[in-house]
$ cat upload_25.txt   # compact mmCIF, C-alpha atoms and all ligand atoms
# COMPACT_ATOMS: atom_id res chain seq x y z
CA MET F 356 115.03 139.29 -68.33
CA GLY F 357 116.59 136.32 -70.08
CA CYS F 358 119.60 136.26 -67.78
CA SER F 359 117.45 136.57 -64.65
CA LEU F 360 115.24 133.69 -65.79
CA ALA F 361 118.28 131.59 -66.75
CA PHE F 362 119.74 132.18 -63.29
CA TYR F 363 116.62 130.93 -61.49
CA LEU F 364 116.02 127.99 -63.85
CA SER F 365 119.63 126.82 -63.66
CA ARG F 366 119.61 127.26 -59.89
CA ALA F 367 116.76 124.75 -59.85
CA GLY F 368 118.99 122.34 -61.79
CA ARG F 369 117.37 122.86 -65.20
CA SER F 370 119.30 122.92 -68.44
CA VAL F 371 118.89 126.39 -69.98
CA THR F 372 120.31 128.35 -72.91
CA VAL F 373 120.07 132.13 -73.30
CA ILE F 374 120.17 133.02 -76.99
CA ASP F 375 121.00 136.56 -78.07
CA ARG F 376 121.34 137.93 -81.56
CA GLY F 377 124.19 140.14 -80.32
CA ARG F 378 125.78 140.43 -76.87
CA ILE F 379 123.66 140.07 -73.77
CA GLY F 380 122.85 143.32 -72.02
CA GLN F 381 123.21 145.42 -75.17
CA GLY F 382 119.49 145.77 -75.89
CA ALA F 383 117.05 148.00 -73.99
CA THR F 384 118.91 147.14 -70.79
CA ALA F 385 122.06 148.95 -71.93
CA ALA F 386 120.06 152.14 -72.53
CA CYS F 387 118.20 152.07 -69.27
CA ALA F 388 118.39 154.73 -66.57
CA GLY F 389 118.81 152.14 -63.81
CA GLY F 390 115.81 153.25 -61.77
CA ILE F 391 114.32 150.94 -59.15
CA ARG F 392 111.08 152.04 -57.52
CA ALA F 393 107.91 150.87 -55.86
CA GLN F 394 106.04 154.15 -56.43
CA PHE F 395 103.58 152.78 -58.97
CA SER F 396 99.81 153.09 -59.24
CA THR F 397 98.92 149.39 -59.67
CA GLU F 398 99.12 146.94 -56.79
CA ILE F 399 101.07 144.33 -58.75
CA ASN F 400 103.78 146.82 -59.75
CA ILE F 401 104.06 148.19 -56.21
CA ARG F 402 104.54 144.66 -54.88
CA LEU F 403 107.10 143.85 -57.60
CA GLY F 404 108.98 147.07 -56.83
CA ILE F 405 109.13 146.26 -53.09
CA GLU F 406 110.37 142.75 -53.88
CA ALA F 407 112.90 144.06 -56.44
CA LYS F 408 114.47 146.31 -53.82
CA ARG F 409 114.70 143.39 -51.40
CA LEU F 410 116.33 141.13 -54.01
CA LEU F 411 118.77 143.77 -55.23
CA ALA F 412 119.83 144.60 -51.66
CA GLN F 413 120.98 140.98 -51.27
CA PHE F 414 122.10 140.48 -54.90
CA ALA F 415 125.76 139.92 -54.00
CA GLN F 416 124.91 137.12 -51.56
CA VAL F 417 122.71 135.47 -54.18
CA THR F 418 124.84 135.87 -57.34
CA GLY F 419 128.33 136.70 -56.01
CA GLN F 420 128.39 140.11 -57.78
CA THR F 421 127.22 143.55 -56.77
CA ALA F 422 124.06 145.07 -58.26
CA ASP F 423 125.44 148.51 -57.36
CA PHE F 424 122.07 149.21 -55.72
CA ARG F 425 122.01 152.74 -54.28
CA PRO F 426 118.78 153.68 -52.50
CA VAL F 427 119.01 157.41 -53.21
CA GLY F 428 115.22 157.71 -53.34
CA TYR F 429 112.74 158.70 -56.05
CA LEU F 430 111.25 162.19 -55.95
CA PHE F 431 108.14 162.76 -58.10
CA LEU F 432 107.38 166.45 -58.67
CA LEU F 433 103.68 167.15 -59.28
CA THR F 434 102.30 170.21 -61.02
CA THR F 435 98.52 170.05 -61.34
CA ASP F 436 96.02 169.39 -58.57
CA GLU F 437 94.91 166.34 -60.54
CA GLU F 438 98.46 164.92 -60.43
CA ARG F 439 98.71 165.58 -56.71
CA SER F 440 95.39 163.90 -56.09
CA ARG F 441 96.32 160.93 -58.30
CA PHE F 442 99.62 160.44 -56.46
CA HIS F 443 97.82 160.83 -53.13
CA ASP F 444 95.51 157.96 -54.12
CA ALA F 445 98.43 155.85 -55.37
CA LEU F 446 100.23 156.45 -52.08
CA GLN F 447 97.30 154.93 -50.16
CA VAL F 448 97.60 151.78 -52.32
CA GLN F 449 101.40 151.77 -51.85
CA ARG F 450 101.00 151.96 -48.05
CA ARG F 451 98.42 149.16 -48.10
CA CYS F 452 100.94 147.03 -50.03
CA GLY F 453 103.56 147.60 -47.33
CA LEU F 454 105.56 150.51 -48.76
CA ASP F 455 105.78 152.31 -45.44
CA ASP F 456 108.48 154.91 -46.15
CA VAL F 457 106.76 156.81 -48.98
CA VAL F 458 105.67 160.36 -48.05
CA GLU F 459 103.85 163.32 -49.57
CA LEU F 460 105.78 166.58 -49.59
CA GLU F 461 104.95 170.24 -49.96
CA PRO F 462 106.81 171.98 -52.83
CA ALA F 463 109.22 173.69 -50.42
CA GLU F 464 110.16 170.34 -48.84
CA ALA F 465 110.88 168.91 -52.30
CA GLY F 466 112.95 172.00 -53.12
CA ALA F 467 115.08 171.43 -50.04
CA MET F 468 116.10 168.01 -51.41
CA VAL F 469 117.53 169.15 -54.76
CA ALA F 470 119.54 172.36 -54.97
CA GLY F 471 118.32 174.73 -57.67
CA LEU F 472 114.88 173.22 -58.17
CA ARG F 473 112.18 175.72 -59.19
CA MET F 474 109.00 175.05 -57.25
CA ASP F 475 106.77 178.08 -57.93
CA ASP F 476 104.25 176.12 -60.02
CA LEU F 477 104.41 172.80 -58.14
CA SER F 478 101.34 171.46 -56.34
CA GLY F 479 103.32 168.90 -54.32
CA ALA F 480 105.63 165.90 -54.49
CA THR F 481 106.05 162.36 -53.27
CA PHE F 482 109.29 160.81 -52.07
CA CYS F 483 110.31 157.26 -51.23
CA PRO F 484 113.84 157.04 -49.78
CA SER F 485 114.22 153.27 -50.33
CA ASP F 486 113.68 153.62 -54.11
CA GLY F 487 116.89 154.20 -56.04
CA LEU F 488 119.30 153.15 -58.74
CA ALA F 489 121.18 150.00 -59.71
CA GLY F 490 123.65 149.09 -62.44
CA PRO F 491 122.09 147.53 -65.57
CA ASN F 492 125.42 145.96 -66.56
CA GLU F 493 126.11 144.73 -63.04
CA VAL F 494 122.70 143.08 -62.72
CA THR F 495 122.74 141.51 -66.20
CA TYR F 496 126.24 140.08 -65.82
CA GLY F 497 125.67 139.17 -62.18
CA PHE F 498 122.78 136.95 -63.26
CA ALA F 499 124.57 135.71 -66.41
CA ASN F 500 127.84 134.78 -64.70
CA ALA F 501 126.08 133.00 -61.85
CA ALA F 502 123.81 131.20 -64.33
CA ARG F 503 126.90 130.04 -66.27
CA ARG F 504 128.45 128.69 -63.07
CA GLN F 505 125.22 126.76 -62.52
CA GLY F 506 125.53 125.21 -65.97
CA ALA F 507 123.52 127.60 -68.17
CA VAL F 508 124.79 128.30 -71.69
CA ILE F 509 124.84 131.88 -73.01
CA LEU F 510 124.85 131.74 -76.79
CA GLU F 511 125.70 135.13 -78.29
CA ASN F 512 125.70 136.46 -81.87
CA ALA F 513 123.09 133.86 -82.79
CA PRO F 514 119.82 135.50 -83.91
CA VAL F 515 116.71 133.38 -83.64
CA GLU F 516 115.47 132.98 -87.23
CA ALA F 517 112.56 130.57 -86.81
CA PHE F 518 110.68 128.43 -84.32
CA LEU F 519 110.69 124.65 -84.51
CA THR F 520 107.35 122.95 -84.00
CA SER F 521 106.33 119.40 -83.40
CA GLY F 522 102.86 117.97 -82.82
CA GLY F 523 101.32 121.43 -82.33
CA SER F 524 103.95 122.50 -79.79
CA VAL F 525 106.92 124.80 -80.08
CA SER F 526 109.88 122.45 -79.75
CA GLY F 527 112.83 124.82 -80.09
CA VAL F 528 114.35 127.47 -82.31
CA ARG F 529 116.55 127.76 -85.34
CA THR F 530 119.36 130.27 -84.91
CA SER F 531 122.11 131.39 -87.25
CA ALA F 532 124.33 129.01 -85.24
CA GLY F 533 122.05 125.99 -85.71
CA GLU F 534 118.92 124.44 -84.23
CA ILE F 535 118.25 124.13 -80.52
CA GLU F 536 115.60 121.68 -79.35
CA CYS F 537 113.89 122.49 -76.06
CA PRO F 538 110.55 121.64 -74.47
CA GLN F 539 109.98 125.24 -73.29
CA THR F 540 110.97 128.41 -75.15
CA VAL F 541 110.55 131.92 -73.70
CA ILE F 542 110.38 135.04 -75.85
CA CYS F 543 112.21 137.73 -73.88
CA ALA F 544 113.57 139.80 -76.73
CA GLY F 545 112.73 143.18 -75.20
CA PRO F 546 111.57 145.76 -77.79
CA TRP F 547 112.10 143.18 -80.57
CA SER F 548 109.72 140.64 -79.01
CA ALA F 549 106.91 141.36 -81.48
CA SER F 550 109.22 140.74 -84.42
CA VAL F 551 110.40 137.49 -82.83
CA GLY F 552 106.77 136.44 -82.24
CA ALA F 553 105.99 137.30 -85.87
CA LEU F 554 108.34 134.47 -86.90
CA LEU F 555 105.56 132.22 -85.66
CA GLY F 556 102.75 134.37 -87.07
CA LEU F 557 101.94 135.89 -83.67
CA GLN F 558 100.83 139.51 -83.35
CA LEU F 559 102.17 140.57 -79.98
CA PRO F 560 101.03 144.03 -78.82
CA ILE F 561 104.54 145.26 -77.99
CA VAL F 562 105.67 148.43 -79.73
CA PRO F 563 109.24 149.79 -79.65
CA SER F 564 109.46 153.48 -78.89
CA PRO F 565 112.73 155.48 -78.92
CA ARG F 566 113.93 157.44 -75.88
CA GLN F 567 116.89 159.82 -75.75
CA VAL F 568 119.31 159.87 -72.78
CA PHE F 569 122.08 162.42 -72.08
CA VAL F 570 124.95 162.28 -69.58
CA SER F 571 127.05 165.25 -68.52
CA GLU F 572 130.71 165.74 -67.72
CA PRO F 573 131.50 165.90 -63.96
CA PHE F 574 129.02 168.42 -62.63
CA ALA F 575 129.09 170.14 -59.25
CA GLY F 576 125.39 171.05 -59.53
CA ILE F 577 124.21 167.65 -58.30
CA ARG F 578 125.07 165.79 -55.09
CA ARG F 579 126.01 162.09 -55.28
CA GLN F 580 123.10 161.28 -53.00
CA SER F 581 120.52 163.34 -54.90
CA PRO F 582 117.38 161.35 -55.61
CA MET F 583 116.14 160.26 -59.00
CA THR F 584 114.00 163.35 -59.65
CA ILE F 585 111.07 163.22 -62.04
CA ASP F 586 109.02 166.18 -63.18
CA PHE F 587 105.94 164.05 -63.76
CA HIS F 588 104.08 166.65 -65.86
CA THR F 589 106.77 166.80 -68.54
CA SER F 590 108.50 163.47 -67.74
CA PHE F 591 111.86 165.31 -67.53
CA TYR F 592 114.04 163.30 -65.14
CA PHE F 593 117.59 163.40 -63.83
CA HIS F 594 119.82 161.58 -61.39
CA PRO F 595 123.47 161.54 -60.42
CA GLU F 596 125.58 159.35 -62.72
CA GLY F 597 129.22 158.93 -61.78
CA GLU F 598 130.47 162.47 -61.20
CA GLY F 599 127.91 163.91 -63.60
CA VAL F 600 124.17 163.87 -64.18
CA LEU F 601 122.07 161.59 -66.39
CA PHE F 602 118.88 163.12 -67.77
CA GLY F 603 116.14 162.46 -70.27
CA MET F 604 112.48 162.98 -71.10
CA SER F 605 109.85 161.15 -73.06
CA ASP F 606 107.86 162.75 -75.83
CA PRO F 607 104.38 161.47 -76.68
CA ALA F 608 104.86 162.83 -80.22
CA THR F 609 107.81 160.50 -80.92
CA PRO F 610 106.56 157.97 -83.46
CA PRO F 611 106.98 154.28 -82.62
CA GLY F 612 109.92 152.53 -84.25
CA ASP F 613 113.30 151.03 -83.59
CA ASP F 614 115.52 153.96 -84.58
CA THR F 615 118.27 154.22 -81.95
CA ARG F 616 120.18 157.11 -83.50
CA VAL F 617 120.82 159.98 -81.10
CA ASP F 618 118.60 162.97 -81.83
CA TRP F 619 120.72 165.90 -80.66
CA SER F 620 117.90 168.34 -81.42
CA PHE F 621 116.02 166.75 -78.51
CA LEU F 622 118.58 168.33 -76.17
CA ASP F 623 117.04 171.75 -76.91
CA ARG F 624 113.60 170.44 -75.95
CA ILE F 625 114.91 169.11 -72.63
CA THR F 626 116.87 172.27 -71.97
CA SER F 627 113.76 174.42 -72.33
CA VAL F 628 111.99 172.25 -69.72
CA ALA F 629 115.05 172.25 -67.44
CA GLU F 630 115.19 176.04 -67.64
CA ARG F 631 111.79 176.12 -65.95
CA ARG F 632 112.29 173.23 -63.51
CA TRP F 633 116.00 172.81 -62.75
CA PRO F 634 118.05 175.67 -64.26
CA PRO F 635 121.43 174.42 -62.88
CA LEU F 636 121.38 171.77 -65.63
CA LEU F 637 122.03 174.51 -68.17
CA ASP F 638 125.59 174.81 -66.75
CA ALA F 639 126.35 171.10 -67.32
CA ARG F 640 128.42 170.07 -70.36
CA VAL F 641 127.01 167.04 -72.15
CA LYS F 642 129.61 164.26 -72.41
CA THR F 643 127.65 161.56 -74.18
CA ALA F 644 124.18 160.58 -75.34
CA TRP F 645 122.38 157.48 -76.53
CA ALA F 646 118.94 156.39 -77.62
CA GLY F 647 117.21 153.24 -76.43
CA LEU F 648 113.85 151.61 -76.96
CA TYR F 649 110.91 151.34 -74.60
CA GLU F 650 108.75 148.27 -75.30
CA ASN F 651 105.24 149.57 -74.82
CA THR F 652 101.98 147.65 -74.50
CA PRO F 653 98.51 149.27 -74.62
CA ASP F 654 98.20 149.29 -70.80
CA PHE F 655 101.92 149.78 -70.05
CA GLN F 656 102.05 146.37 -68.36
CA PRO F 657 104.12 143.41 -69.54
CA LEU F 658 103.02 140.13 -71.07
CA ILE F 659 104.10 137.31 -68.76
CA GLY F 660 103.01 133.71 -69.10
CA PRO F 661 102.28 130.91 -71.55
CA LEU F 662 101.43 131.81 -75.16
CA GLN F 663 100.85 128.34 -76.57
CA PRO F 664 102.16 124.83 -75.89
CA GLY F 665 105.93 124.99 -75.45
CA LEU F 666 106.06 128.79 -75.73
CA TRP F 667 106.12 131.51 -73.06
CA ILE F 668 106.64 135.25 -73.08
CA ALA F 669 108.21 137.76 -70.69
CA ALA F 670 108.29 141.10 -72.49
CA GLY F 671 106.52 144.43 -73.00
CA PHE F 672 107.76 146.05 -69.80
CA SER F 673 106.92 149.55 -71.03
CA GLY F 674 110.02 151.13 -69.53
CA HIS F 675 110.09 149.22 -66.22
CA GLY F 676 111.73 145.94 -67.14
CA PHE F 677 115.06 146.50 -65.47
CA MET F 678 113.47 146.69 -62.05
CA MET F 679 110.89 143.98 -62.76
CA ALA F 680 113.20 141.35 -64.26
CA PRO F 681 114.97 140.27 -61.04
CA VAL F 682 111.59 139.37 -59.51
CA LEU F 683 109.80 138.16 -62.62
CA GLY F 684 112.71 135.88 -63.53
CA ARG F 685 112.21 134.10 -60.23
CA TRP F 686 108.40 134.05 -60.45
CA LEU F 687 108.39 132.81 -64.03
CA ALA F 688 110.92 130.07 -63.21
CA VAL F 689 108.65 128.88 -60.38
CA TRP F 690 105.66 129.00 -62.74
CA MET F 691 107.46 126.98 -65.43
CA LEU F 692 108.71 124.41 -62.94
CA ASP F 693 105.79 124.11 -60.52
CA GLY F 694 102.82 125.05 -62.67
CA ALA F 695 101.89 128.28 -60.86
CA PRO F 696 103.68 131.58 -60.10
CA PRO F 697 104.29 132.51 -56.44
CA GLY F 698 102.27 135.73 -56.88
CA ASP F 699 99.20 136.75 -58.87
CA LEU F 700 100.31 137.66 -62.40
CA GLY F 701 96.77 137.83 -63.80
CA ALA F 702 97.23 141.51 -64.70
CA PHE F 703 100.02 140.49 -67.08
CA ALA F 704 98.12 137.68 -68.87
CA PRO F 705 99.29 137.67 -72.50
CA SER F 706 95.69 136.98 -73.62
CA ARG F 707 94.15 140.01 -71.87
CA PHE F 708 93.84 142.24 -74.94
CA ALA F 709 92.42 139.56 -77.22
CA ALA F 710 89.99 138.55 -74.47
CA GLY F 711 88.89 142.18 -74.13
CA ALA F 712 89.31 141.94 -70.36
CA ALA F 713 88.98 145.14 -68.33
CA VAL F 714 92.56 145.97 -67.44
CA GLU F 715 93.85 148.62 -65.08
CA PRO F 716 96.70 150.45 -66.84
CA GLU F 717 99.81 151.52 -64.96
CA ARG F 718 99.51 155.31 -64.59
CA ASN F 719 102.89 156.19 -63.09
CA VAL F 720 104.73 155.78 -66.38
CA VAL F 721 107.64 158.07 -67.20
C1 LIG F 801 116.03 155.25 -72.07
C2 LIG F 801 115.47 154.13 -71.24
C3 LIG F 801 115.43 154.26 -69.87
C4 LIG F 801 114.92 153.22 -69.09
N1 LIG F 801 114.93 153.37 -67.74
C5 LIG F 801 114.49 152.35 -66.97
C6 LIG F 801 114.56 152.45 -65.56
O1 LIG F 801 115.02 153.45 -65.01
N2 LIG F 801 114.13 151.39 -64.81
C7 LIG F 801 113.61 150.26 -65.41
O2 LIG F 801 113.20 149.35 -64.70
N3 LIG F 801 113.55 150.14 -66.74
C8 LIG F 801 113.98 151.16 -67.54
N4 LIG F 801 113.92 151.04 -68.88
C9 LIG F 801 113.30 149.84 -69.47
C10 LIG F 801 114.28 148.69 -69.43
O3 LIG F 801 115.49 149.08 -70.00
C11 LIG F 801 113.68 147.49 -70.18
O4 LIG F 801 112.35 147.29 -69.78
C12 LIG F 801 114.48 146.24 -69.89
O5 LIG F 801 115.86 146.50 -70.07
C13 LIG F 801 114.01 145.11 -70.78
O6 LIG F 801 114.88 144.01 -70.59
P1 LIG F 801 114.74 142.78 -71.54
O7 LIG F 801 115.74 141.78 -71.12
O8 LIG F 801 113.32 142.39 -71.63
O9 LIG F 801 115.12 143.37 -73.01
P2 LIG F 801 116.58 143.66 -73.66
O10 LIG F 801 117.55 144.18 -72.67
O11 LIG F 801 116.31 144.50 -74.87
O12 LIG F 801 117.04 142.23 -74.08
C14 LIG F 801 116.44 141.57 -75.17
C15 LIG F 801 117.53 140.88 -75.93
O13 LIG F 801 116.91 140.17 -77.02
C16 LIG F 801 117.84 140.12 -78.06
N5 LIG F 801 117.17 139.80 -79.31
C17 LIG F 801 116.34 140.56 -80.05
N6 LIG F 801 115.96 139.91 -81.15
C18 LIG F 801 116.52 138.69 -81.11
C19 LIG F 801 116.52 137.56 -81.96
N7 LIG F 801 115.82 137.52 -83.10
N8 LIG F 801 117.23 136.48 -81.62
C20 LIG F 801 117.96 136.45 -80.47
N9 LIG F 801 118.02 137.51 -79.62
C21 LIG F 801 117.30 138.61 -79.94
C22 LIG F 801 118.48 141.50 -78.05
O14 LIG F 801 119.74 141.47 -78.68
C23 LIG F 801 118.54 141.83 -76.58
O15 LIG F 801 119.83 141.62 -76.00
C24 LIG F 801 114.43 152.05 -69.70
C25 LIG F 801 114.49 151.91 -71.09
C26 LIG F 801 115.02 152.92 -71.86
C27 LIG F 801 115.08 152.75 -73.35
$ encode --input "upload_25.txt" --output "structure tokens"
Amino acid sequence: MGCSLAFYLSRAGRSVTVIDRGRIGQGATAACAGGIRAQFSTEINIRLGIEAKRLLAQFAQVTGQTADFRPVGYLFLLTTDEERSRFHDALQVQRRCGLDDVVELEPAEAGAMVAGLRMDDLSGATFCPSDGLAGPNEVTYGFANAARRQGAVILENAPVEAFLTSGGSVSGVRTSAGEIECPQTVICAGPWSASVGALLGLQLPIVPSPRQVFVSEPFAGIRRQSPMTIDFHTSFYFHPEGEGVLFGMSDPATPPGDDTRVDWSFLDRITSVAERRWPPLLDARVKTAWAGLYENTPDFQPLIGPLQPGLWIAAGFSGHGFMMAPVLGRWLAVWMLDGAPPGDLGAFAPSRFAAGAAVEPERNVV
């Protein structure tokens, strides 16, 4: 998020510094599955997803580096009638927003797309061929390198330790490498955003939540062009990764926290789900695993906008920030420079929880 924003601000001729406590791209972004989709339930997320695909398709022209965007499609497998009906309703909203290639499938049609899928208990599926995958590293460094060429500074290994204030405004930050004065500061510290906000006494409703990811050795059981496949009922997902398969699952019972140690016992939990949904995975040999952090908010929507004079936030993406950041970096830059974003970001107002506003949560969360 920080590198995307720095790219758009520096492209507009502004002086900008990205500050990271470690190396850029090594936070939540490094752990991410790379999924890019417009199959959401809320209008704003559908529109952002459509725009993200457009931007990533022309990323090389814009930044000079590839985003490695591969539109292999997203296949959502639905089990209960309630899930099928919910996705049917979401699809009507998606079509209204201009996502014209998303379709509903019968279980047998979904089965024909992924060899070895078990469909006996499925109620249906949805598929959008223009959804897909991109490279988290490619996108982060594509933005960062282009931002540097435009004059942005990327300051690494410099944790923010405090905010500077002057006359009731945030006027910069103190880092381990010294103080940086700036008229506008943006908190985009991913899952650590609440702890950064706490330096100023803020209580940001962003909670880190660990997720386990596994990647196999080269595996003949998946085609390179297989879609990102998500068993929505269990959240078990998999997609081709190099010559192997990347897979994971979320677990509502996982307590919040910032523990990124790999939990190998979780592999057994995934395997028992895969045995029922996609048995070929049982023949794959796991090559590597990692754990990363989601950054969840109560309605699974981010906080984007001004927090107080001199301070903004762009965080709390609830597992969708990789695909949102290319668009929101541009929109937030326009907002900071021109006084209004180019699209309606009211659903992401940082004040919405405190104000007790009725918010529509994103329901297609994996
Ligand atoms: C397993 C997993 C799978 C995911 N899959 C997808 C997916 O398929 N598609 C998708 O769109 N999203 C996905 N996500 C979510 C996505 O990874 C995040 O939403 C996104 O990467 C957030 O980007 P960010 O720049 O806000 O945060 P980060 O990438 O975490 O960057 C924040 C940076 O802030 C720095 N920082 C923290 N504290 C400080 C401090 N005090 N001072 C200075 N710097 C600090 C960190 O070092 C870090 O580099 C997934 C996440 C996980 C964990």
$ closest_residue --input "upload_25.txt" --among "F:Gly647, F:Pro582, F:Gly357, F:Gly479" --to "Thr495 (chain F)" --atoms "all atoms listed in the file"
F:Gly357
$ residues_near_ligand --input "upload_25.txt" --ligand "ligand LIG 801 (chain F)" --cutoff "7 Å" --atoms "all atoms listed in the file" --output "CSV table (one decimal) with C-alpha atoms, keeping the file's coordinate frame"
chain,number,residue,atom,x,y,z
F,356,MET,CA,115.0,139.3,-68.3
F,357,GLY,CA,116.6,136.3,-70.1
F,374,ILE,CA,120.2,133.0,-77.0
F,375,ASP,CA,121.0,136.6,-78.1
F,376,ARG,CA,121.3,137.9,-81.6
F,377,GLY,CA,124.2,140.1,-80.3
F,378,ARG,CA,125.8,140.4,-76.9
F,379,ILE,CA,123.7,140.1,-73.8
F,380,GLY,CA,122.8,143.3,-72.0
F,381,GLN,CA,123.2,145.4,-75.2
F,382,GLY,CA,119.5,145.8,-75.9
F,383,ALA,CA,117.0,148.0,-74.0
F,384,THR,CA,118.9,147.1,-70.8
F,385,ALA,CA,122.1,149.0,-71.9
F,386,ALA,CA,120.1,152.1,-72.5
F,387,CYS,CA,118.2,152.1,-69.3
F,388,ALA,CA,118.4,154.7,-66.6
F,389,GLY,CA,118.8,152.1,-63.8
F,390,GLY,CA,115.8,153.2,-61.8
F,391,ILE,CA,114.3,150.9,-59.2
F,513,ALA,CA,123.1,133.9,-82.8
F,514,PRO,CA,119.8,135.5,-83.9
F,515,VAL,CA,116.7,133.4,-83.6
F,516,GLU,CA,115.5,133.0,-87.2
F,543,CYS,CA,112.2,137.7,-73.9
F,544,ALA,CA,113.6,139.8,-76.7
F,545,GLY,CA,112.7,143.2,-75.2
F,546,PRO,CA,111.6,145.8,-77.8
F,547,TRP,CA,112.1,143.2,-80.6
F,548,SER,CA,109.7,140.6,-79.0
F,551,VAL,CA,110.4,137.5,-82.8
F,565,PRO,CA,112.7,155.5,-78.9
F,566,ARG,CA,113.9,157.4,-75.9
F,567,GLN,CA,116.9,159.8,-75.8
F,568,VAL,CA,119.3,159.9,-72.8
F,646,ALA,CA,118.9,156.4,-77.6
F,647,GLY,CA,117.2,153.2,-76.4
F,648,LEU,CA,113.8,151.6,-77.0
F,649,TYR,CA,110.9,151.3,-74.6
F,650,GLU,CA,108.8,148.3,-75.3
F,669,ALA,CA,108.2,137.8,-70.7
F,670,ALA,CA,108.3,141.1,-72.5
F,672,PHE,CA,107.8,146.0,-69.8
F,673,SER,CA,106.9,149.6,-71.0
F,674,GLY,CA,110.0,151.1,-69.5
F,675,HIS,CA,110.1,149.2,-66.2
F,676,GLY,CA,111.7,145.9,-67.1
F,677,PHE,CA,115.1,146.5,-65.5
F,678,MET,CA,113.5,146.7,-62.0
F,679,MET,CA,110.9,144.0,-62.8
$ closest_residue --input "upload_25.txt" --among "F:Leu557, F:Leu658, F:Pro653, F:Phe569" --to "Thr626 (chain F)" --atoms "only C-alpha atoms"
F:Phe569
$ residues_around --input "upload_25.txt" --residues "region 593-597 of chain F" --least-positions-apart "6" --cutoff "8 Å" --atoms "only C-alpha atoms" --output "ChimeraX atom specification"
/F:570,573,577-585,603
$ residues_around --input "upload_25.txt" --residues "Asp693 (chain F)" --least-positions-apart "5" --cutoff "12 Å" --atoms "all atoms listed in the file" --output "MDAnalysis selection string"
chainID F and resid 364 367 685:688
$ write_last_selection --input "upload_25.txt" --atoms "C-alpha atoms" --output "CSV table (one decimal), in the coordinates of the input"
chain,number,residue,atom,x,y,z
F,364,LEU,CA,116.0,128.0,-63.8
F,367,ALA,CA,116.8,124.8,-59.8
F,685,ARG,CA,112.2,134.1,-60.2
F,686,TRP,CA,108.4,134.0,-60.4
F,687,LEU,CA,108.4,132.8,-64.0
F,688,ALA,CA,110.9,130.1,-63.2
$ axis_aligned_box --input "upload_25.txt" --around "region 625-639 of chain F" --padding-each-side "8 Å" --output "lines of an AutoDock Vina configuration file"
center_x = 119.1
center_y = 172.6
center_z = -67.7
size_x = 30.6
size_y = 23.0
size_z = 25.9
$ atom_distance --input "upload_25.txt" --atom1 "CA of Leu460 (chain F)" --atom2 "CA of Arg425 (chain F)"
21.8 Å
$ closest_atom_pairs --input "upload_25.txt" --of "region 639-695 of chain F" --to "region 707-721 of chain F" --cutoff "7 Å" --atoms "only C-alpha atoms" --output "Markdown table"
| residue | atom | partner | partner_atom | distance |
| --- | --- | --- | --- | --- |
| F:Asp654 | CA | F:Pro716 | CA | 4.4 |
| F:Phe655 | CA | F:Glu717 | CA | 5.8 |
| F:Gln656 | CA | F:Glu717 | CA | 6.6 |
$ atom_distance --input "upload_25.txt" --atom1 "CA of Ile659 (chain F)" --atom2 "CA of Pro705 (chain F)"
6.1 Å
$ residues_near_point --input "upload_25.txt" --point "(118.6, 126.5, -85.1)" --cutoff "9 Å" --atoms "only C-alpha atoms" --output "list in words"
Ala513, Val515, Glu516, Ala517, Phe518, Leu519, Gly527, Val528, Arg529, Thr530, Ser531, Ala532, Gly533, Glu534, Ile535 and Glu536 of chain F
$ write_last_selection --input "upload_25.txt" --atoms "C-alpha atoms" --output "short mmCIF file (atom, residue, chain, number, x, y, z; two decimals), keeping the file's coordinate frame"
data_model
loop_
_atom_site.label_atom_id
_atom_site.label_comp_id
_atom_site.auth_asym_id
_atom_site.auth_seq_id
_atom_site.Cartn_x
_atom_site.Cartn_y
_atom_site.Cartn_z
CA ALA F 513 123.09 133.86 -82.79
CA VAL F 515 116.71 133.38 -83.64
CA GLU F 516 115.47 132.98 -87.23
CA ALA F 517 112.56 130.57 -86.81
CA PHE F 518 110.68 128.43 -84.32
CA LEU F 519 110.69 124.65 -84.51
CA GLY F 527 112.83 124.82 -80.09
CA VAL F 528 114.35 127.47 -82.31
CA ARG F 529 116.55 127.76 -85.34
CA THR F 530 119.36 130.27 -84.91
CA SER F 531 122.11 131.39 -87.25
CA ALA F 532 124.33 129.01 -85.24
CA GLY F 533 122.05 125.99 -85.71
CA GLU F 534 118.92 124.44 -84.23
CA ILE F 535 118.25 124.13 -80.52
CA GLU F 536 115.60 121.68 -79.35
#
$ closest_residue --input "upload_25.txt" --among "F:Cys452, F:Ala463, F:Ala695, F:Ala575" --to "Pro635 (chain F)" --atoms "only C-alpha atoms"
F:Ala575
$ closest_residue --input "upload_25.txt" --among "F:Gly453, F:Gly506, F:Pro664, F:Pro426" --to "Leu403 (chain F)" --atoms "only C-alpha atoms"
F:Gly453
$ atom_distance --input "upload_25.txt" --atom1 "CA of Val494 (chain F)" --atom2 "CA of Thr421 (chain F)"
7.5 Å
